Each structure stands twice: as C-alpha cells, then as structure tokens.
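Shown below: coords36.cif, with mmCIF, C-alpha atoms.
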```
data_work
#
loop_
_atom_site.group_PDB
_atom_site.id
_atom_site.type_symbol
_atom_site.label_atom_id
_atom_site.label_comp_id
_atom_site.auth_asym_id
_atom_site.auth_seq_id
_atom_site.Cartn_x
_atom_site.Cartn_y
_atom_site.Cartn_z
ATOM 1 C CA GLU A 1 7.134 15.953 -8.906
ATOM 2 C CA ALA A 2 3.385 15.553 -8.276
ATOM 3 C CA GLU A 3 2.471 14.553 -4.745
ATOM 4 C CA VAL A 4 -0.543 13.612 -2.677
ATOM 5 C CA ALA A 5 -1.341 16.392 -0.211
ATOM 6 C CA GLN A 6 -2.849 15.804 3.219
ATOM 7 C CA SER A 7 -3.798 18.066 6.090
ATOM 8 C CA PRO A 8 -3.430 18.444 8.942
ATOM 9 C CA ARG A 9 -0.178 16.564 9.486
ATOM 10 C CA TYR A 10 -0.873 16.127 13.181
ATOM 11 C CA LYS A 11 -4.094 16.216 15.171
ATOM 12 C CA ILE A 12 -4.633 15.837 18.908
ATOM 13 C CA THR A 13 -8.194 15.566 20.108
ATOM 14 C CA GLU A 14 -10.159 14.383 23.085
ATOM 15 C CA LYS A 15 -12.387 11.346 22.872
ATOM 16 C CA SER A 16 -15.965 12.035 21.778
ATOM 17 C CA GLN A 17 -14.838 15.003 19.672
ATOM 18 C CA ALA A 18 -15.179 15.159 15.891
ATOM 19 C CA VAL A 19 -12.131 15.233 13.605
ATOM 20 C CA ALA A 20 -11.741 15.636 9.863
ATOM 21 C CA PHE A 21 -8.863 14.923 7.523
ATOM 22 C CA TRP A 22 -8.390 16.240 4.005
ATOM 23 C CA CYS A 23 -6.637 14.731 0.996
ATOM 24 C CA ASP A 24 -5.829 16.080 -2.472
ATOM 25 C CA PRO A 25 -4.637 13.303 -4.809
ATOM 26 C CA ILE A 26 -2.195 13.598 -7.687
ATOM 27 C CA SER A 27 -3.854 15.415 -10.566
ATOM 28 C CA GLY A 28 -5.531 12.988 -12.950
ATOM 29 C CA HIS A 29 -5.625 10.076 -10.507
ATOM 30 C CA ALA A 30 -9.132 8.645 -10.582
ATOM 31 C CA THR A 31 -8.719 6.278 -7.649
ATOM 32 C CA LEU A 32 -8.317 7.504 -4.087
ATOM 33 C CA TYR A 33 -7.765 5.440 -0.966
ATOM 34 C CA TRP A 34 -7.895 6.109 2.764
ATOM 35 C CA TYR A 35 -5.828 3.822 4.988
ATOM 36 C CA ARG A 36 -5.339 3.557 8.726
ATOM 37 C CA GLN A 37 -1.979 2.392 10.029
ATOM 38 C CA ILE A 38 -1.577 1.416 13.647
ATOM 39 C CA LEU A 39 1.999 1.435 14.944
ATOM 40 C CA GLY A 40 3.788 -1.807 14.078
ATOM 41 C CA GLN A 41 1.243 -2.878 11.479
ATOM 42 C CA GLY A 42 0.796 -2.409 7.759
ATOM 43 C CA PRO A 43 -1.734 0.060 6.348
ATOM 44 C CA GLU A 44 -5.326 -1.181 6.388
ATOM 45 C CA LEU A 45 -7.742 0.041 3.714
ATOM 46 C CA LEU A 46 -10.711 1.987 5.086
ATOM 47 C CA VAL A 47 -12.325 3.198 1.873
ATOM 48 C CA GLN A 48 -11.614 3.278 -1.853
ATOM 49 C CA PHE A 49 -13.103 5.746 -4.342
ATOM 50 C CA GLN A 50 -13.241 5.521 -8.102
ATOM 51 C CA ASP A 51 -13.920 9.127 -9.105
ATOM 52 C CA GLU A 52 -16.763 10.127 -6.765
ATOM 53 C CA SER A 53 -18.103 6.615 -6.192
ATOM 54 C CA VAL A 54 -17.233 4.325 -3.302
ATOM 55 C CA VAL A 55 -15.729 1.050 -4.572
ATOM 56 C CA ASP A 56 -14.950 -0.568 -1.236
ATOM 57 C CA ASP A 57 -15.826 0.579 2.272
ATOM 58 C CA SER A 58 -16.140 -2.844 3.843
ATOM 59 C CA GLN A 59 -13.563 -2.053 6.557
ATOM 60 C CA LEU A 60 -14.882 1.428 7.364
ATOM 61 C CA PRO A 61 -16.542 1.597 10.830
ATOM 62 C CA LYS A 62 -19.626 3.293 9.515
ATOM 63 C CA ASP A 63 -21.112 4.076 12.901
ATOM 64 C CA ARG A 64 -18.445 6.714 13.444
ATOM 65 C CA PHE A 65 -16.454 7.107 10.215
ATOM 66 C CA SER A 66 -17.569 8.771 7.001
ATOM 67 C CA ALA A 67 -15.779 9.646 3.796
ATOM 68 C CA GLU A 68 -16.708 11.662 0.765
ATOM 69 C CA ARG A 69 -15.246 12.684 -2.551
ATOM 70 C CA LEU A 70 -18.019 14.857 -3.895
ATOM 71 C CA LYS A 71 -16.461 16.126 -7.127
ATOM 72 C CA GLY A 72 -14.172 13.183 -7.697
ATOM 73 C CA VAL A 73 -11.050 15.123 -6.803
ATOM 74 C CA ASP A 74 -10.204 15.866 -3.167
ATOM 75 C CA SER A 75 -11.636 13.894 -0.281
ATOM 76 C CA THR A 76 -12.506 14.235 3.398
ATOM 77 C CA LEU A 77 -12.473 11.537 6.067
ATOM 78 C CA LYS A 78 -14.397 12.259 9.250
ATOM 79 C CA ILE A 79 -14.548 10.558 12.624
ATOM 80 C CA GLN A 80 -17.362 11.381 15.016
ATOM 81 C CA PRO A 81 -17.076 10.699 17.883
ATOM 82 C CA ALA A 82 -13.380 9.860 18.167
ATOM 83 C CA GLU A 83 -12.380 6.994 20.466
ATOM 84 C CA LEU A 84 -9.048 6.190 22.104
ATOM 85 C CA GLY A 85 -8.542 3.261 19.725
ATOM 86 C CA ASP A 86 -8.659 5.594 16.719
ATOM 87 C CA SER A 87 -5.153 6.877 17.486
ATOM 88 C CA ALA A 88 -3.172 5.988 14.364
ATOM 89 C CA MET A 89 -1.692 7.368 11.166
ATOM 90 C CA TYR A 90 -4.313 8.070 8.506
ATOM 91 C CA LEU A 91 -2.846 7.778 5.036
ATOM 92 C CA CYS A 92 -4.332 8.877 1.752
ATOM 93 C CA ALA A 93 -3.132 7.361 -1.515
ATOM 94 C CA SER A 94 -4.039 7.747 -5.165
ATOM 95 C CA SER A 95 -3.536 5.829 -8.394
ATOM 96 C CA LEU A 96 -4.364 6.309 -12.055
ATOM 97 C CA ALA A 97 -6.676 3.301 -12.087
ATOM 98 C CA VAL A 98 -7.352 0.008 -10.357
ATOM 99 C CA ALA A 99 -6.297 -2.104 -13.298
ATOM 100 C CA VAL A 100 -2.845 -3.549 -13.750
ATOM 101 C CA PRO A 101 -0.378 -2.043 -14.496
ATOM 102 C CA LEU A 102 -1.617 1.432 -13.680
ATOM 103 C CA ASN A 103 -2.565 0.746 -10.086
ATOM 104 C CA GLU A 104 0.646 1.765 -8.415
ATOM 105 C CA GLN A 105 -0.431 3.764 -5.383
ATOM 106 C CA PHE A 106 1.277 6.919 -4.235
ATOM 107 C CA PHE A 107 0.887 7.975 -0.623
ATOM 108 C CA GLY A 108 0.556 11.326 1.043
ATOM 109 C CA PRO A 109 2.536 12.178 4.205
ATOM 110 C CA GLY A 110 -0.354 11.127 6.437
ATOM 111 C CA THR A 111 -2.191 12.635 9.389
ATOM 112 C CA ARG A 112 -1.075 11.381 12.780
ATOM 113 C CA LEU A 113 -4.096 11.334 15.095
ATOM 114 C CA THR A 114 -3.804 11.134 18.856
ATOM 115 C CA VAL A 115 -6.997 10.727 20.860
ATOM 116 C CA LEU A 116 -6.707 11.588 24.567
ATOM 117 C CA ARG B 117 -3.789 -18.196 7.136
ATOM 118 C CA LYS B 118 -3.057 -14.453 6.939
ATOM 119 C CA GLU B 119 -3.451 -12.843 3.524
ATOM 120 C CA VAL B 120 0.167 -11.664 3.567
ATOM 121 C CA GLU B 121 2.887 -13.023 5.830
ATOM 122 C CA GLN B 122 6.276 -11.466 6.352
ATOM 123 C CA ASP B 123 9.054 -12.082 8.846
ATOM 124 C CA PRO B 124 8.893 -8.913 10.983
ATOM 125 C CA GLY B 125 12.638 -8.981 11.721
ATOM 126 C CA PRO B 126 14.496 -6.902 12.583
ATOM 127 C CA PHE B 127 17.265 -7.898 10.247
ATOM 128 C CA ASN B 128 20.509 -6.331 11.473
ATOM 129 C CA VAL B 129 23.184 -6.415 8.754
ATOM 130 C CA PRO B 130 26.521 -4.634 8.190
ATOM 131 C CA GLU B 131 27.059 -2.226 5.331
ATOM 132 C CA GLY B 132 27.856 -4.065 2.121
ATOM 133 C CA ALA B 133 25.941 -7.199 3.063
ATOM 134 C CA THR B 134 23.331 -8.930 0.936
ATOM 135 C CA VAL B 135 19.971 -9.478 2.628
ATOM 136 C CA ALA B 136 16.777 -11.170 1.454
ATOM 137 C CA PHE B 137 13.206 -10.820 2.686
ATOM 138 C CA ASN B 138 10.487 -13.356 2.047
ATOM 139 C CA CYS B 139 6.747 -12.915 1.722
ATOM 140 C CA THR B 140 3.921 -15.381 1.203
ATOM 141 C CA TYR B 141 0.423 -14.455 0.063
ATOM 142 C CA SER B 142 -2.835 -16.377 0.117
ATOM 143 C CA ASN B 143 -4.829 -14.917 -2.792
ATOM 144 C CA SER B 144 -3.957 -16.873 -5.928
ATOM 145 C CA ALA B 145 -5.828 -14.264 -8.007
ATOM 146 C CA SER B 146 -3.211 -11.595 -7.287
ATOM 147 C CA GLN B 147 -1.691 -10.484 -10.568
ATOM 148 C CA SER B 148 0.656 -7.734 -9.533
ATOM 149 C CA PHE B 149 2.869 -7.205 -6.545
ATOM 150 C CA PHE B 150 4.654 -4.304 -4.988
ATOM 151 C CA TRP B 151 7.398 -3.727 -2.496
ATOM 152 C CA TYR B 152 7.041 -0.510 -0.546
ATOM 153 C CA ARG B 153 9.647 1.021 1.708
ATOM 154 C CA GLN B 154 8.534 2.871 4.844
ATOM 155 C CA ASP B 155 10.835 4.977 6.988
ATOM 156 C CA CYS B 156 9.977 5.439 10.643
ATOM 157 C CA ARG B 157 6.823 7.567 11.017
ATOM 158 C CA LYS B 158 6.732 8.380 7.307
ATOM 159 C CA GLU B 159 4.462 7.289 4.483
ATOM 160 C CA PRO B 160 5.144 4.154 2.414
ATOM 161 C CA LYS B 161 7.006 4.805 -0.823
ATOM 162 C CA LEU B 162 6.907 2.503 -3.823
ATOM 163 C CA LEU B 163 10.198 0.656 -4.230
ATOM 164 C CA MET B 164 9.423 -1.859 -6.938
ATOM 165 C CA SER B 165 6.566 -3.312 -8.966
ATOM 166 C CA VAL B 166 6.465 -6.954 -10.065
ATOM 167 C CA TYR B 167 4.114 -8.061 -12.833
ATOM 168 C CA SER B 168 5.864 -11.168 -14.182
ATOM 169 C CA SER B 169 8.436 -13.504 -12.658
ATOM 170 C CA GLY B 170 10.604 -10.764 -11.245
ATOM 171 C CA ASN B 171 12.139 -7.348 -11.529
ATOM 172 C CA GLU B 172 15.548 -5.819 -10.968
ATOM 173 C CA ASP B 173 16.418 -2.215 -10.232
ATOM 174 C CA GLY B 174 20.021 -1.526 -9.341
ATOM 175 C CA ARG B 175 20.826 -3.230 -6.054
ATOM 176 C CA PHE B 176 17.256 -4.468 -5.599
ATOM 177 C CA THR B 177 15.861 -7.677 -7.091
ATOM 178 C CA ALA B 178 12.356 -9.059 -6.615
ATOM 179 C CA GLN B 179 11.500 -12.664 -7.467
ATOM 180 C CA LEU B 180 7.970 -14.029 -7.794
ATOM 181 C CA ASN B 181 6.981 -17.689 -7.570
ATOM 182 C CA ARG B 182 3.288 -17.892 -8.413
ATOM 183 C CA ALA B 183 3.082 -21.657 -7.904
ATOM 184 C CA SER B 184 4.259 -21.320 -4.317
ATOM 185 C CA GLN B 185 2.608 -17.909 -3.807
ATOM 186 C CA TYR B 186 5.877 -16.513 -2.638
ATOM 187 C CA ILE B 187 7.724 -13.280 -3.385
ATOM 188 C CA SER B 188 11.147 -12.178 -2.246
ATOM 189 C CA LEU B 189 13.203 -8.993 -2.180
ATOM 190 C CA LEU B 190 16.994 -9.140 -2.370
ATOM 191 C CA ILE B 191 19.129 -6.143 -1.485
ATOM 192 C CA ARG B 192 22.779 -6.262 -2.479
ATOM 193 C CA ASP B 193 25.585 -4.073 -1.120
ATOM 194 C CA SER B 194 23.421 -2.714 1.706
ATOM 195 C CA LYS B 195 23.731 0.980 2.539
ATOM 196 C CA LEU B 196 22.995 2.712 5.820
ATOM 197 C CA SER B 197 20.200 4.516 4.002
ATOM 198 C CA ASP B 198 18.482 1.194 3.276
ATOM 199 C CA SER B 199 17.449 1.014 6.949
ATOM 200 C CA ALA B 200 13.639 1.007 6.860
ATOM 201 C CA THR B 201 10.626 -1.292 6.955
ATOM 202 C CA TYR B 202 9.873 -3.153 3.717
ATOM 203 C CA LEU B 203 6.215 -3.901 3.036
ATOM 204 C CA CYS B 204 5.145 -6.749 0.761
ATOM 205 C CA VAL B 205 1.947 -5.798 -1.080
ATOM 206 C CA PRO B 206 0.044 -8.161 -3.361
ATOM 207 C CA HIS B 207 -2.705 -6.786 -5.510
ATOM 208 C CA GLY B 208 -5.935 -8.179 -4.138
ATOM 209 C CA GLY B 209 -7.674 -8.952 -7.401
ATOM 210 C CA PRO B 210 -11.379 -8.400 -8.101
ATOM 211 C CA PRO B 211 -13.756 -6.924 -7.183
ATOM 212 C CA GLY B 212 -12.122 -3.866 -5.668
ATOM 213 C CA ASP B 213 -8.548 -4.697 -6.627
ATOM 214 C CA LYS B 214 -7.319 -3.313 -3.361
ATOM 215 C CA LEU B 215 -3.754 -3.742 -2.155
ATOM 216 C CA ILE B 216 -3.184 -5.981 0.844
ATOM 217 C CA PHE B 217 -0.292 -4.773 2.972
ATOM 218 C CA GLY B 218 1.869 -7.071 5.045
ATOM 219 C CA THR B 219 3.094 -5.933 8.448
ATOM 220 C CA GLY B 220 6.539 -5.351 6.996
ATOM 221 C CA THR B 221 10.081 -6.511 7.624
ATOM 222 C CA ARG B 222 12.366 -4.133 9.451
ATOM 223 C CA LEU B 223 15.943 -3.759 8.194
ATOM 224 C CA GLN B 224 18.710 -2.069 10.166
ATOM 225 C CA VAL B 225 22.041 -1.605 8.396
ATOM 226 C CA PHE B 226 24.951 -0.800 10.698
ATOM 227 C CA PRO B 227 28.411 0.644 9.882
#
```
What is this file in structure tokens?
Amino acid sequence: EAEVAQSPRYKITEKSQAVAFWCDPISGHATLYWYRQILGQGPELLVQFQDESVVDDSQLPKDRFSAERLKGVDSTLKIQPAELGDSAMYLCASSLAVAVPLNEQFFGPGTRLTVL
Amino acid sequence: RKEVEQDPGPFNVPEGATVAFNCTYSNSASQSFFWYRQDCRKEPKLLMSVYSSGNEDGRFTAQLNRASQYISLLIRDSKLSDSATYLCVPHGGPPGDKLIFGTGTRLQVFP
C-alpha cells in the first residue's frame, strides 16, 4: 500500500537552531500539504502545494518558516531559527487533487519536533 | 464562531455500546466532509468520506445536514480498538479547498 514518507520521525533541537523536515508524497499525488499539530488540537495547515506551486501559505510564519517543492514531487519544510513555541508534530499529507471527490488526504507518520 | 466545533469529550463507553459524535461547521460552501481517526501520537487516518447526505461503512455511519451545517458520526457495537480521537473535517471550499480540522472528540471504550 502506497504511503507518505517523512523524515526524521523525531527531532530535538535548541532554540535559534535551524531544522528541516522532508516529505515524499504518494506517487502521482499532485497536491502536498504541510500541517502543524499542537498537542490537544487538530492539524493546522501551514502550506499547500499544487505540483511545484504554492496554493496557500497564509498560515505559514514566513519570517522563520520556508517550504519548497522544487520538482513537484518531494518537499522540504524548514524552520530558522526555531523557537520554543514551534514544538509540535509536523505532518505531511498528499492527495490526488483539490477537487471533490479526489481530495481525500493521506498523512505521513509525522515529525515530532521538540525545541529546548 | 469557530470554523469547526466538536465536543472534545472524552466519551467513556463500554464495549458493545453505540456512541454518536456531533460536529458543526461554519462554511456553507463546504461540499465534502471527512471523518479522520487519530490514535495517540500517530497521524490522522481517513475513516470515512461524506459527499451527499450520509455514508455507512460497517459499524460506522455518518449523517450530514447541510441546512443546519451539522455532521455526525455514529459508531455501533463499540470495540476496544475504536478508542481514539475522531476529527471532523469539512472541505473548506474555494479558493484553496483546504481541509479545516476540528480539535477532535476523544473516545475511550472500556471492557
């Protein structure tokens, strides 16, 4: 069964350091999403790609966060510098398309970030 | 009003019980809806999609009331393995068609 791959699974860093997360979506999925999930809350969309283009990054803190999907396949999310409040689970998801009914999103296992 | 509202629970029910979760959403443009299940410290997994008035899959039934902007999930004959958090997720509609996740309802099934 095809899955969304993410690495690393866990990351511990000190504040002010840079961190990067990687995601490889399900083959053929044009749409890729990065979410942040704080404990006790639902996932919050950070950025959405359609192929290599950003569709929505309205909730991405652009002063410290960046995301890219250069060839429209895998993607990297970077935080620089990390702050204590960035501790969360970072989830990547992919879907065939944004349009109903093909927009069911499939999630990777996530990267759990702890900032000390 | 929040975009998605769910009763956080927890709902503590015995095995074999029937339990229902409710969810209200604010965006009347939402055309499709999803219920995701999330185990503790794991990723959300798609449980059910709802594109019309409802959907049924085994012990799970979702009902959609567009007029009231309300969606429910019914679980019959609860199993211990049903213990998880259930996330209500309306499709956000244009322009980005993003999914809007609720905070989830926690279910604990006990023997």
When you look at B:Leu162 with a cut-off of 8 Å (counting all atoms listed in the file), what residues show up, excluding the ones that are within fewer than 4 positions of it in the same chain? I need them as a PyMOL selection string. (chain A and resi 104-106) or (chain B and resi 150-153)
9 Å contact set for A:Thr111, all atoms listed in the file, chain neighbours under 6 positions out, as a list of chain:residue names: A:Gln6, A:Ser7, A:Pro8, A:Arg9, A:Tyr10, A:Lys11, A:Phe21, A:Trp22, A:Ala88, A:Met89, A:Tyr90, A:Leu91, A:Cys92
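Of note, atom CA of B:Tyr167 and atom CA of B:Tyr141 are spaced 14.9 Å apart.
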Given the PyMOL selection byres ((chain A) within 6 of (chain B)), the residues it picks as an MDAnalysis selection string: chainID A and resid 41:42 109
Hey, can you check how far atom CA of B:Asp173 sits from atom CA of B:Arg192?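 Atom CA of B:Arg192 lies at a distance of 10.8 Å from atom CA of B:Asp173.
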For stretch 68-71 of chain A, find every residue with an atom within 9 Å (counting only C-alpha atoms), except residues of its own chain fewer than 2 positions away, and show them as a list in words. Leu32, Phe49, Asp51, Glu52, Ser53, Val54, Ser66, Val73, Asp74, Ser75, Thr76, Leu77 and Lys78 of chain A
